[in-house]
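Participant: Take a look at model.pdb, PDB, C-alpha atoms and all ligand atoms:
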```pdb
ATOM      1  CA  MET A   1     -14.927  -7.447  13.554
ATOM      2  CA  VAL A   2     -14.647  -3.753  12.774
ATOM      3  CA  LEU A   3     -12.174  -2.486  10.203
ATOM      4  CA  ALA A   4     -11.387   1.234  10.279
ATOM      5  CA  ASN A   5      -9.222   2.814   7.600
ATOM      6  CA  GLY A   6      -9.119   6.608   7.469
ATOM      7  CA  PRO A   7     -12.711   7.883   7.448
ATOM      8  CA  PHE A   8     -14.096   4.502   6.345
ATOM      9  CA  GLU A   9     -15.398   1.904   8.747
ATOM     10  CA  ALA A  10     -16.746  -1.557   7.955
ATOM     11  CA  LEU A  11     -18.410  -4.194  10.071
ATOM     12  CA  ILE A  12     -17.289  -7.623   8.889
ATOM     13  CA  VAL A  13     -19.531 -10.510   9.837
ATOM     14  CA  ARG A  14     -19.656 -14.251   9.257
ATOM     15  CA  GLY A  15     -23.301 -15.211   8.790
ATOM     16  CA  ASP A  16     -25.135 -18.322   9.910
ATOM     17  CA  ASP A  17     -24.600 -19.570   6.345
ATOM     18  CA  ALA A  18     -20.792 -19.211   6.941
ATOM     19  CA  GLN A  19     -20.573 -16.481   4.325
ATOM     20  CA  VAL A  20     -18.437 -13.453   5.197
ATOM     21  CA  ARG A  21     -20.063 -10.087   4.482
ATOM     22  CA  ALA A  22     -19.089  -6.476   5.059
ATOM     23  CA  PHE A  23     -21.403  -3.582   5.855
ATOM     24  CA  ALA A  24     -20.947   0.094   6.506
ATOM     25  CA  ASN A  25     -20.681   0.263  10.304
ATOM     26  CA  THR A  26     -23.514   2.784  10.478
ATOM     27  CA  CYS A  27     -27.123   2.423  11.559
ATOM     28  CA  ARG A  28     -29.808   2.988   8.906
ATOM     29  CA  HIS A  29     -31.984   4.903  11.378
ATOM     30  CA  ARG A  30     -30.006   7.957  12.456
ATOM     31  CA  GLY A  31     -26.518   6.826  11.607
ATOM     32  CA  ALA A  32     -25.076   5.619  14.901
ATOM     33  CA  GLN A  33     -21.899   3.576  14.858
ATOM     34  CA  LEU A  34     -23.070  -0.017  15.243
ATOM     35  CA  CYS A  35     -20.012  -1.629  16.805
ATOM     36  CA  SER A  36     -17.307   0.435  18.416
ATOM     37  CA  ASP A  37     -14.592  -1.993  19.372
ATOM     38  CA  GLU A  38     -12.454  -3.769  16.796
ATOM     39  CA  SER A  39     -13.383  -7.215  18.002
ATOM     40  CA  ALA A  40     -17.089  -6.285  17.800
ATOM     41  CA  ASP A  41     -17.559  -7.925  21.190
ATOM     42  CA  GLY A  42     -20.343  -5.432  21.859
ATOM     43  CA  CYS A  43     -22.397  -6.939  19.070
ATOM     44  CA  GLN A  44     -24.558  -9.975  19.666
ATOM     45  CA  ASP A  45     -23.519 -13.286  18.152
ATOM     46  CA  SER A  46     -26.754 -13.845  16.345
ATOM     47  CA  ALA A  47     -27.734 -10.311  15.335
ATOM     48  CA  ILE A  48     -26.470  -6.766  14.879
ATOM     49  CA  VAL A  49     -28.204  -4.344  17.231
ATOM     50  CA  CYS A  50     -27.837  -0.583  17.187
ATOM     51  CA  PRO A  51     -26.794   0.719  20.631
ATOM     52  CA  VAL A  52     -28.999   3.841  20.393
ATOM     53  CA  HIS A  53     -32.637   2.807  19.725
ATOM     54  CA  GLY A  54     -32.164  -0.910  19.326
ATOM     55  CA  TRP A  55     -32.906  -1.503  15.637
ATOM     56  CA  ARG A  56     -31.811  -5.054  14.871
ATOM     57  CA  TRP A  57     -30.437  -6.746  11.734
ATOM     58  CA  GLN A  58     -29.774 -10.350  10.836
ATOM     59  CA  LEU A  59     -26.153 -11.245  10.153
ATOM     60  CA  ASP A  60     -26.847 -11.044   6.407
ATOM     61  CA  GLY A  61     -27.736  -7.361   6.845
ATOM     62  CA  ARG A  62     -31.526  -7.687   6.596
ATOM     63  CA  LEU A  63     -33.481  -5.432   8.925
ATOM     64  CA  ASP A  64     -35.102  -7.706  11.470
ATOM     65  CA  ALA A  65     -36.797  -5.618  14.142
ATOM     66  CA  ILE A  66     -37.580  -2.020  15.044
ATOM     67  CA  PRO A  67     -38.700  -1.279  18.604
ATOM     68  CA  ARG A  68     -42.265   0.154  18.583
ATOM     69  CA  ARG A  69     -42.411  -0.427  14.843
ATOM     70  CA  ALA A  70     -46.205  -0.309  14.668
ATOM     71  CA  ALA A  71     -46.164   3.240  16.021
ATOM     72  CA  MET A  72     -43.873   4.550  13.293
ATOM     73  CA  MET A  73     -45.412   7.130  10.995
ATOM     74  CA  ARG A  74     -43.822   5.792   7.823
ATOM     75  CA  THR A  75     -43.108   2.383   6.447
ATOM     76  CA  VAL A  76     -39.420   1.507   6.397
ATOM     77  CA  ASP A  77     -38.491   0.268   2.948
ATOM     78  CA  HIS A  78     -34.736   0.850   2.974
ATOM     79  CA  GLY A  79     -33.594  -0.310   6.378
ATOM     80  CA  ASP A  80     -31.163  -3.075   5.443
ATOM     81  CA  LEU A  81     -27.502  -2.429   6.248
ATOM     82  CA  VAL A  82     -25.428  -0.976   3.405
ATOM     83  CA  ALA A  83     -23.444  -3.892   1.990
ATOM     84  CA  LEU A  84     -19.862  -3.317   0.852
ATOM     85  CA  PRO A  85     -18.092  -5.445  -1.780
ATOM     86  CA  CYS A  86     -16.375  -8.226   0.145
ATOM     87  CA  ALA A  87     -14.455 -11.386  -0.776
ATOM     88  CA  VAL A  88     -12.372 -14.000   1.023
ATOM     89  CA  ARG A  89      -9.213 -14.941  -0.846
ATOM     90  CA  HIS A  90      -5.676 -16.086   0.031
ATOM     91  CA  GLY A  91      -6.569 -16.154   3.737
ATOM     92  CA  PHE A  92      -7.663 -12.506   3.836
ATOM     93  CA  VAL A  93     -10.985 -10.716   3.847
ATOM     94  CA  TRP A  94     -10.931  -8.022   1.138
ATOM     95  CA  VAL A  95     -13.347  -5.147   1.534
ATOM     96  CA  ALA A  96     -13.912  -2.270  -0.890
ATOM     97  CA  TRP A  97     -15.422   0.970   0.302
ATOM     98  CA  SER A  98     -17.758   1.460  -2.647
ATOM     99  CA  ASP A  99     -19.415  -0.424  -5.496
ATOM    100  CA  ALA A 100     -17.280   1.607  -7.901
ATOM    101  CA  ALA A 101     -14.203  -0.377  -6.829
ATOM    102  CA  PRO A 102     -12.805  -2.783  -9.438
ATOM    103  CA  ASP A 103     -13.415  -6.498  -9.234
ATOM    104  CA  LEU A 104     -10.867  -8.126  -6.868
ATOM    105  CA  THR A 105      -9.269 -10.270  -9.593
ATOM    106  CA  ASP A 106      -8.761  -7.200 -11.784
ATOM    107  CA  PHE A 107      -7.458  -5.192  -8.826
ATOM    108  CA  LEU A 108      -4.913  -7.817  -7.776
ATOM    109  CA  GLY A 109      -3.743  -8.485 -11.343
ATOM    110  CA  PRO A 110      -0.452 -10.429 -11.348
ATOM    111  CA  ALA A 111      -0.294 -10.302  -7.524
ATOM    112  CA  ASP A 112      -3.265 -12.700  -7.421
ATOM    113  CA  ARG A 113      -1.189 -15.558  -8.791
ATOM    114  CA  VAL A 114       1.773 -14.819  -6.497
ATOM    115  CA  LEU A 115      -0.402 -14.812  -3.353
ATOM    116  CA  GLY A 116      -2.294 -17.882  -4.584
ATOM    117  CA  GLY A 117       0.991 -19.806  -4.733
ATOM    118  CA  TRP A 118       1.742 -19.026  -1.085
ATOM    119  CA  GLN A 119      -1.402 -20.618   0.386
ATOM    120  CA  LEU A 120      -1.201 -18.419   3.484
ATOM    121  CA  GLU A 121      -4.740 -19.487   4.402
ATOM    122  CA  GLN A 122      -3.135 -22.681   5.700
ATOM    123  CA  TRP A 123      -0.660 -20.837   7.948
ATOM    124  CA  ALA A 124      -1.279 -19.942  11.595
ATOM    125  CA  GLN A 125      -1.416 -16.352  12.806
ATOM    126  CA  ILE A 126       0.828 -16.097  15.869
ATOM    127  CA  SER A 127       0.929 -12.371  16.633
ATOM    128  CA  ASP A 128      -1.405  -9.402  16.250
ATOM    129  CA  THR A 129       0.041  -6.017  17.217
ATOM    130  CA  SER A 130      -0.909  -2.428  16.453
ATOM    131  CA  ILE A 131       1.176   0.650  17.210
ATOM    132  CA  ALA A 132      -0.059   4.232  16.998
ATOM    133  CA  VAL A 133       2.714   6.147  15.249
ATOM    134  CA  ASP A 134       3.209   9.893  14.754
ATOM    135  CA  ALA A 135       3.633   9.909  10.990
ATOM    136  CA  ASN A 136       1.541  10.146   7.867
ATOM    137  CA  TRP A 137       0.575   6.693   6.582
ATOM    138  CA  LYS A 138       2.615   7.137   3.366
ATOM    139  CA  THR A 139       5.761   7.761   5.385
ATOM    140  CA  SER A 140       5.149   4.478   7.170
ATOM    141  CA  VAL A 141       4.623   2.696   3.834
ATOM    142  CA  ASP A 142       7.859   4.171   2.486
ATOM    143  CA  MET A 143       9.837   3.054   5.538
ATOM    144  CA  HIS A 144       8.890  -0.557   4.824
ATOM    145  CA  ASN A 145       9.381  -0.339   1.089
ATOM    146  CA  GLU A 146      13.125  -0.159   0.678
ATOM    147  CA  ALA A 147      16.261  -1.975   1.736
ATOM    148  CA  TYR A 148      18.572   1.027   1.392
ATOM    149  CA  HIS A 149      18.294   1.765   5.126
ATOM    150  CA  LEU A 150      19.559  -1.649   6.187
ATOM    151  CA  ASP A 151      23.279  -0.769   6.320
ATOM    152  CA  HIS A 152      22.820   2.324   8.441
ATOM    153  CA  LEU A 153      19.848   1.425  10.603
ATOM    154  CA  HIS A 154      20.252  -2.327  11.003
ATOM    155  CA  PRO A 155      24.013  -2.956  10.930
ATOM    156  CA  GLU A 156      23.323  -6.429  12.310
ATOM    157  CA  LEU A 157      21.773  -7.276   8.923
ATOM    158  CA  ALA A 158      24.605  -5.818   6.864
ATOM    159  CA  PRO A 159      26.596  -9.057   6.639
ATOM    160  CA  LEU A 160      23.457 -11.005   5.725
ATOM    161  CA  VAL A 161      21.713  -8.917   3.053
ATOM    162  CA  ASP A 162      23.072  -6.776   0.252
ATOM    163  CA  PRO A 163      20.507  -4.060  -0.634
ATOM    164  CA  ALA A 164      22.024  -3.904  -4.124
ATOM    165  CA  ASP A 165      20.905  -7.493  -4.727
ATOM    166  CA  VAL A 166      17.236  -6.788  -4.053
ATOM    167  CA  VAL A 167      15.152  -7.590  -7.156
ATOM    168  CA  PHE A 168      12.152  -5.341  -7.841
ATOM    169  CA  ASP A 169       9.180  -6.466  -9.968
ATOM    170  CA  PRO A 170       6.164  -4.225 -10.567
ATOM    171  CA  LEU A 171       2.897  -6.171 -10.394
ATOM    172  CA  GLY A 172       0.505  -3.611 -11.852
ATOM    173  CA  PRO A 173      -0.150  -1.087  -9.071
ATOM    174  CA  HIS A 174       1.383  -3.526  -6.591
ATOM    175  CA  HIS A 175       4.960  -4.756  -6.517
ATOM    176  CA  ARG A 176       7.264  -7.495  -5.333
ATOM    177  CA  ILE A 177      10.806  -7.407  -4.016
ATOM    178  CA  ARG A 178      12.977 -10.463  -3.605
ATOM    179  CA  PHE A 179      16.223 -10.960  -1.771
ATOM    180  CA  SER A 180      18.197 -13.595   0.086
ATOM    181  CA  ILE A 181      19.363 -13.667   3.674
ATOM    182  CA  GLU A 182      22.350 -15.776   4.519
ATOM    183  CA  PRO A 183      22.338 -16.434   8.290
ATOM    184  CA  ALA A 184      25.686 -17.749   9.531
ATOM    185  CA  GLY A 185      25.686 -21.508   9.505
ATOM    186  CA  GLU A 186      22.166 -21.760   8.098
ATOM    187  CA  LYS A 187      20.706 -22.375   4.699
ATOM    188  CA  THR A 188      20.008 -19.246   2.672
ATOM    189  CA  TRP A 189      16.480 -17.885   3.156
ATOM    190  CA  ASP A 190      14.745 -16.666   0.057
ATOM    191  CA  VAL A 191      12.569 -13.751   1.103
ATOM    192  CA  THR A 192       9.783 -12.264  -0.996
ATOM    193  CA  GLN A 193       7.763  -9.211  -0.104
ATOM    194  CA  VAL A 194       4.581  -8.381  -1.983
ATOM    195  CA  THR A 195       3.110  -4.942  -1.428
ATOM    196  CA  ILE A 196      -0.576  -4.631  -2.212
ATOM    197  CA  PHE A 197      -1.286  -1.040  -3.147
ATOM    198  CA  PRO A 198      -1.655   1.116  -1.230
ATOM    199  CA  ASN A 199      -0.900   0.041   2.331
ATOM    200  CA  VAL A 200      -0.299  -3.665   2.939
ATOM    201  CA  SER A 201       2.956  -5.617   2.624
ATOM    202  CA  ILE A 202       3.341  -9.349   3.051
ATOM    203  CA  THR A 203       6.863 -10.636   3.591
ATOM    204  CA  ARG A 204       7.330 -14.363   3.248
ATOM    205  CA  HIS A 205      10.277 -16.341   4.574
ATOM    206  CA  PRO A 206      10.350 -20.131   4.101
ATOM    207  CA  THR A 207       8.567 -20.799   7.417
ATOM    208  CA  ARG A 208       7.404 -17.384   8.612
ATOM    209  CA  ALA A 209       5.460 -14.518   7.126
ATOM    210  CA  MET A 210       5.001 -10.977   8.350
ATOM    211  CA  ILE A 211       2.149  -8.765   7.284
ATOM    212  CA  VAL A 212       2.227  -5.038   7.891
ATOM    213  CA  ARG A 213      -0.615  -2.629   7.263
ATOM    214  CA  HIS A 214      -0.415   1.148   7.535
ATOM    215  CA  ARG A 215      -3.837   2.513   8.428
ATOM    216  CA  PRO A 216      -4.446   6.250   8.077
ATOM    217  CA  GLN A 217      -6.319   7.799  10.976
ATOM    218  CA  ALA A 218      -9.511   9.672  10.230
ATOM    219  CA  ARG A 219      -8.937  12.718  12.376
ATOM    220  CA  ASP A 220      -5.208  13.357  11.965
ATOM    221  CA  VAL A 221      -3.223  12.937   8.744
ATOM    222  CA  GLY A 222      -0.079  12.907  10.895
ATOM    223  CA  GLN A 223      -1.104   9.657  12.608
ATOM    224  CA  VAL A 224      -0.971   6.104  11.333
ATOM    225  CA  LEU A 225      -1.915   2.850  12.967
ATOM    226  CA  PHE A 226       0.814   0.376  12.162
ATOM    227  CA  ASP A 227      -0.552  -3.189  12.248
ATOM    228  CA  GLU A 228       1.825  -6.119  12.295
ATOM    229  CA  TRP A 229       0.850  -9.785  12.149
ATOM    230  CA  SER A 230       3.155 -12.810  12.093
ATOM    231  CA  LEU A 231       2.225 -16.111  10.534
ATOM    232  CA  ALA A 232       3.872 -19.495  10.942
ATOM    233  CA  ALA A 233       3.864 -22.206   8.306
ATOM    234  CA  ASP A 234       3.429 -24.894  10.965
ATOM    235  CA  ALA A 235      -0.148 -24.590  12.141
ATOM    236  CA  GLY A 236       0.099 -26.228  15.582
ATOM    237  CA  GLY A 237       1.668 -25.657  18.996
ATOM    238  CA  HIS A 238       1.388 -21.866  19.200
ATOM    239  CA  PRO A 239       0.128 -20.011  22.280
ATOM    240  CA  PRO A 240      -3.327 -18.439  21.954
ATOM    241  CA  LEU A 241      -3.317 -15.328  19.791
ATOM    242  CA  GLN A 242      -3.346 -12.091  21.785
ATOM    243  CA  ARG A 243      -4.312  -8.734  20.334
ATOM    244  CA  ARG A 244      -1.880  -6.080  21.574
ATOM    245  CA  PHE A 245      -1.930  -2.329  21.176
ATOM    246  CA  PHE A 246       0.877   0.113  21.968
ATOM    247  CA  ASN A 247       1.308   3.819  21.616
ATOM    248  CA  ALA A 248       4.655   4.836  20.144
ATOM    249  CA  ALA A 249       6.276   5.554  23.535
ATOM    250  CA  GLU A 250       5.309   2.105  24.810
ATOM    251  CA  ALA A 251       6.502   0.426  21.636
ATOM    252  CA  LEU A 252       9.844   2.227  21.839
ATOM    253  CA  GLY A 253      10.256   1.529  25.554
ATOM    254  CA  PRO A 254      11.778  -1.549  27.136
ATOM    255  CA  SER A 255       8.391  -3.160  27.702
ATOM    256  CA  GLY A 256       7.272  -2.626  24.131
ATOM    257  CA  GLU A 257       8.419  -6.133  23.276
ATOM    258  CA  SER A 258       9.524  -4.944  19.841
ATOM    259  CA  GLY A 259      12.966  -6.097  18.830
ATOM    260  CA  ALA A 260      15.765  -3.602  18.293
ATOM    261  CA  MET A 261      15.156  -3.736  14.554
ATOM    262  CA  ALA A 262      11.455  -2.871  14.822
ATOM    263  CA  ARG A 263      12.273  -0.073  17.282
ATOM    264  CA  ALA A 264      14.813   1.393  14.867
ATOM    265  CA  ASP A 265      12.229   1.331  12.051
ATOM    266  CA  LEU A 266       9.582   2.908  14.257
ATOM    267  CA  LEU A 267      11.879   5.709  15.389
ATOM    268  CA  ALA A 268      13.004   6.329  11.806
ATOM    269  CA  THR A 269       9.371   6.459  10.626
ATOM    270  CA  MET A 270       8.636   9.189  13.170
ATOM    271  CA  GLN A 271      11.831  11.091  12.274
ATOM    272  CA  LEU A 272      10.882  10.949   8.600
ATOM    273  CA  GLY A 273       7.342  12.014   9.474
ATOM    274  CA  ARG A 274       8.470  15.037  11.473
ATOM    275  CA  GLY A 275      11.020  16.089   8.868
ATOM    276  CA  VAL A 276       8.603  15.841   5.941
ATOM    277  CA  ALA A 277       5.950  17.758   7.904
ATOM    278  CA  ASN A 278       8.424  20.537   8.709
ATOM    279  CA  ALA A 279       7.222  23.626   6.858
ATOM    280  CA  ALA A 280      10.592  25.377   7.187
ATOM    281  CA  GLY A 281      12.354  25.306   3.840
ATOM    282  CA  ALA A 282       9.557  23.285   2.245
ATOM    283  CA  ASP A 283       9.462  25.468  -0.890
ATOM    284  CA  GLU A 284      13.094  24.752  -1.628
ATOM    285  CA  ARG A 285      13.030  21.130  -0.723
ATOM    286  CA  ARG A 286      13.200  18.308  -3.227
ATOM    287  CA  LEU A 287      13.344  14.746  -1.987
ATOM    288  CA  LEU A 288      15.875  12.513  -3.692
ATOM    289  CA  LEU A 289      15.515   8.786  -4.164
ATOM    290  CA  HIS A 290      18.456   6.414  -4.360
ATOM    291  CA  ASN A 291      18.377   3.637  -6.971
ATOM    292  CA  GLU A 292      17.723   1.158  -4.172
ATOM    293  CA  GLU A 293      14.428   2.951  -3.440
ATOM    294  CA  THR A 294      12.658   2.021  -6.705
ATOM    295  CA  PRO A 295       9.646   0.524  -4.829
ATOM    296  CA  ILE A 296       9.019   3.922  -3.238
ATOM    297  CA  ALA A 297       9.051   5.644  -6.635
ATOM    298  CA  HIS A 298       6.608   3.015  -7.959
ATOM    299  CA  PHE A 299       4.259   3.462  -4.992
ATOM    300  CA  HIS A 300       4.150   7.239  -5.364
ATOM    301  CA  GLU A 301       3.692   7.087  -9.147
ATOM    302  CA  VAL A 302       0.677   4.790  -8.710
ATOM    303  CA  LEU A 303      -0.643   7.033  -5.949
ATOM    304  CA  ASP A 304      -0.336  10.088  -8.201
ATOM    305  CA  ASP A 305      -2.163   8.148 -10.946
ATOM    306  CA  TYR A 306      -5.051   7.558  -8.554
ATOM    307  CA  LEU A 307      -5.105  11.140  -7.317
ATOM    308  CA  TYR A 308      -4.391  13.119 -10.468
ATOM    309  CA  GLY A 309      -5.016  10.703 -13.355
ATOM    310  CA  ARG A 310      -2.663   8.931 -15.672
ATOM    311  CA  SER A 311      -2.313  11.858 -18.058
ATOM    312  CA  ARG A 312      -1.300  14.368 -15.391
TER     313      ARG A 312
HETATM  314  S1  LIG B 401     -29.611   5.424  15.576
HETATM  315 FE1  LIG B 401     -29.630   3.308  15.434
HETATM  316  S2  LIG B 401     -31.561   2.689  16.099
HETATM  317 FE2  LIG B 401     -31.595   4.824  16.179
HETATM  318 FE    FE B 402      13.985  -1.703   8.735
END
```
Please re-express this file's structure in structure tokens.
Ligand code: FES
Ligand SMILES: [Fe+2]
Facilitator:
Amino acid sequence: MVLANGPFEALIVRGDDAQVRAFANTCRHRGAQLCSDESADGCQDSAIVCPVHGWRWQLDGRLDAIPRRAAMMRTVDHGDLVALPCAVRHGFVWVAWSDAAPDLTDFLGPADRVLGGWQLEQWAQISDTSIAVDANWKTSVDMHNEAYHLDHLHPELAPLVDPADVVFDPLGPHHRIRFSIEPAGEKTWDVTQVTIFPNVSITRHPTRAMIVRHRPQARDVGQVLFDEWSLAADAGGHPPLQRRFFNAAEALGPSGESGAMARADLLATMQLGRGVANAAGADERRLLLHNEETPIAHFHEVLDDYLYGRSR
């Protein structure tokens, strides 16, 4: 599969030895993109072949064949694909964009133990949707990082959840929020959401989990790809997984198949995005955070640490 995140693009491959590896999705010859579609269907099962001149690599990244190799002027001593740090843990493939990234255990810190206790690798993925949204990726993260909007935007949830009862725990750069939902006539659901800095949140109900990922787009800071996956604790009996993609208009329309709640969040994300991008009055403007928006403050403090250093 291909994973694109802002200007970074990785090709993620399971080798014949069953090991999962990640490579920069760029040819070592003249830099062509190796696989263009997310499912990497264009790539062969047993090898990675560049679409331009046909250089070929084994699934472990070793350069295997160069057309007309004998006629080349120079020997090729650095033709293997560029490997990226990659690990499989908690049911996810984790890829870092450079060797300078911290070790995964150090990066996850206390979140490692929380995710380990969930054993999501044993759950079944039952939906896989992406929506192209007109907003900066941080606006999309913020929209999914607070419960303050529930009363106004999701009045149907108001009797079930009290935003004031949401418990916030920082987990190093990541964080966790916990709350309860009390559906009429049903047992209380304990809901926990872990946000892995900077752009992934995993929300776990007793029998369902929802994962959202906010992917910046390389060519437009005002665009984010909002990925949403659902998981079910019971592994069997689900229809085959279908990858679906919507633009914002489709997702907001009647055929978008999003529920009213998701539509309200999507619309609000775009309204926030447009308002924040509005240059009029920007010099005077100060954003204010309510006490129920502590996760947003935490996210932006960590982000500023990364961008400007801890002693800024
Ligand atoms: S650019 Fe890939 S083989 Fe030439
Ligand atoms: Fe919402």
Participant: Here's the selection I'm unsure about, the PyMOL selection byres (((chain A and resi 6) around 6) and not hetatm); applied to the file above, which residues does it give, as a list in words?
Facilitator: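 This file, filtered by the PyMOL selection byres (((chain A and resi 6) around 6) and not hetatm), leaves Asn5, Pro7, Phe8, Pro216, Gln217 and Ala218 of chain A.
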Participant: Between A:Val276, A:Ala70, A:Ile177, A:Val93, which has the minimum distance to Leu11 in chain A (counting only C-alpha atoms)?
Facilitator: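 The answer is A:Val93, which sits nearest to Leu11 in chain A.
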Participant: Could you list, as an MDAnalysis selection string, all protein and nucleic acid residues with an atom at most 8 Å from ligand LIG 401 (chain B), counting all atoms listed in the file?
Facilitator: chainID A and resid 26:34 49:56 66
Participant: May I have the residues within 10 Å of Met261 in chain A as JSON, numbers by chain, using only C-alpha atoms and disregarding those fewer than 3 positions away in the same chain?
Facilitator: {"A": [150, 153, 154, 155, 156, 157, 258, 264, 265, 266]}
Participant: For CA of Glu9 in chain A and CA of Asp106 in chain A, quote the distance in Å rounded to one decimal.
Facilitator: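 Taking CA of Glu9 in chain A and CA of Asp106 in chain A, their separation equals 23.4 Å.
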Participant: Just say which residues the PyMOL selection byres (((chain A and resi 86) around 8) and not hetatm) picks in this file, as a list in words.
Facilitator: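 What the PyMOL selection byres (((chain A and resi 86) around 8) and not hetatm) grabs from the file is Val20, Arg21, Ala22, Leu84, Pro85, Ala87, Val88, Val93, Trp94, Val95 and Ala96 of chain A.
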Participant: With distances taken over only C-alpha atoms and all ligand atoms, which of A:Arg14, A:Lys138, A:Arg263, A:Arg62 is nearest to ligand FE 402 (chain B)?
Facilitator: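 Under the stated criterion, the closest residue is A:Arg263.
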Participant: How many Å lie between CA of Ser46 in chain A and CA of Met1 in chain A, rounded to one decimal?
Facilitator: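 CA of Met1 in chain A lies at a distance of 13.7 Å from CA of Ser46 in chain A.
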Participant: Would you compute the distance between CA of Ala232 in chain A and CA of Trp123 in chain A? Give it in Å to one decimal.
Facilitator: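 The value is 5.6 Å.
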Participant: Contacts of range 168-172 of chain A at 12 Å or less, counting all atoms listed in the file, minus same-chain residues fewer than 5 places along, as a PyMOL selection string?
Facilitator: chain A and resi 106-115+145-147+163+177-179+192-198+291-299+301-302
Participant: Run through the PyMOL selection byres (((chain A and resi 203) around 9) and not hetatm) on the given coordinates and return the selected residues as an NGL selection string.
Facilitator: :A and (191-195 or 201-202 or 204-205 or 208-212)
Participant: So, counting all atoms listed in the file, which residue among A:Met143, A:Leu267, A:Leu241, A:Ala248 is closest to ligand FE 402 (chain B)?
Facilitator: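 Among A:Met143, A:Leu267, A:Leu241, A:Ala248, it is A:Met143 that comes nearest to ligand FE 402 (chain B).
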Participant: Taking into account all atoms listed in the file, which residue in the set A:Asp142, A:Asp305, A:Glu182, A:Asp165 is nearest to ligand FE 402 (chain B)?
Facilitator: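 Of A:Asp142, A:Asp305, A:Glu182, A:Asp165, the one nearest ligand FE 402 (chain B) is A:Asp142, counting all atoms listed in the file.
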Participant: Which is closer to ligand FE 402 (chain B) than all the others in A:His149, A:Arg310, A:Arg286, A:Arg244, using all atoms listed in the file?
Facilitator: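 Once distances to ligand FE 402 (chain B) are computed over all atoms listed in the file, the minimum belongs to A:His149.
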Participant: Got a sec to check which residues sit within 10 Å of (3.2, 4.9, 13.7), counting all atoms listed in the file, and write them as a PyMOL selection string?
Facilitator: chain A and resi 130-137+139-140+214-216+222-227+246-248+251+265-267+269-270+273
Participant: Please put the answer as JSON: centre and edge lengths, in Å with one decimal, of a box along x, y and z that encloses all listed atoms of range 198-206 of chain A plus 8 Å on each side.
Facilitator:
```
{"center_x": 4.3, "center_y": -9.5, "center_z": 1.7, "size_x": 28.0, "size_y": 37.2, "size_z": 21.8}
```
Participant: With all atoms listed in the file as the atoms that count, which of A:Ile48, A:Arg219, A:Gly259, A:Arg74 lies nearest to ligand FE 402 (chain B)?
Facilitator: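 Using all atoms listed in the file, the shortest distance to ligand FE 402 (chain B) belongs to A:Gly259.
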Participant: Could you give me, as number ranges by chain, the residues that sit within 7 Å of (0.9, -20.6, 14.7) in the file's coordinates, counting only C-alpha atoms?
Facilitator: A: 123-126, 231-232, 234-238
Participant: Is it possible to add N, CA and C atoms to range 90-102 of chain A and hand it back as a tab-separated table (two decimals), in the frame of the given file?
Facilitator:
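Okay, this is what ended up in rebuild_4.tsv:
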```
chain	number	residue	atom	x	y	z
A	90	HIS	N	-7.06	-15.97	-0.44
A	90	HIS	CA	-5.68	-16.09	0.03
A	90	HIS	C	-5.56	-15.92	1.56
A	91	GLY	N	-6.62	-16.25	2.28
A	91	GLY	CA	-6.57	-16.15	3.74
A	91	GLY	C	-6.93	-14.79	4.28
A	92	PHE	N	-7.31	-13.86	3.41
A	92	PHE	CA	-7.66	-12.51	3.84
A	92	PHE	C	-9.12	-12.20	3.48
A	93	VAL	N	-9.70	-11.29	4.23
A	93	VAL	CA	-10.98	-10.72	3.85
A	93	VAL	C	-10.68	-9.38	3.15
A	94	TRP	N	-11.18	-9.24	1.93
A	94	TRP	CA	-10.93	-8.02	1.14
A	94	TRP	C	-12.22	-7.23	1.09
A	95	VAL	N	-12.16	-5.99	1.51
A	95	VAL	CA	-13.35	-5.15	1.53
A	95	VAL	C	-13.07	-3.90	0.70
A	96	ALA	N	-14.02	-3.53	-0.15
A	96	ALA	CA	-13.91	-2.27	-0.89
A	96	ALA	C	-14.91	-1.29	-0.28
A	97	TRP	N	-14.59	-0.03	-0.38
A	97	TRP	CA	-15.42	0.97	0.30
A	97	TRP	C	-16.57	1.46	-0.55
A	98	SER	N	-16.61	1.05	-1.82
A	98	SER	CA	-17.76	1.46	-2.65
A	98	SER	C	-17.93	0.47	-3.79
A	99	ASP	N	-19.14	0.46	-4.37
A	99	ASP	CA	-19.42	-0.42	-5.50
A	99	ASP	C	-18.61	-0.04	-6.73
A	100	ALA	N	-18.05	1.16	-6.74
A	100	ALA	CA	-17.28	1.61	-7.90
A	100	ALA	C	-15.89	0.97	-7.93
A	101	ALA	N	-15.53	0.25	-6.87
A	101	ALA	CA	-14.20	-0.38	-6.83
A	101	ALA	C	-14.13	-1.48	-7.89
A	102	PRO	N	-12.93	-1.72	-8.44
A	102	PRO	CA	-12.80	-2.78	-9.44
A	102	PRO	C	-13.01	-4.15	-8.81
```
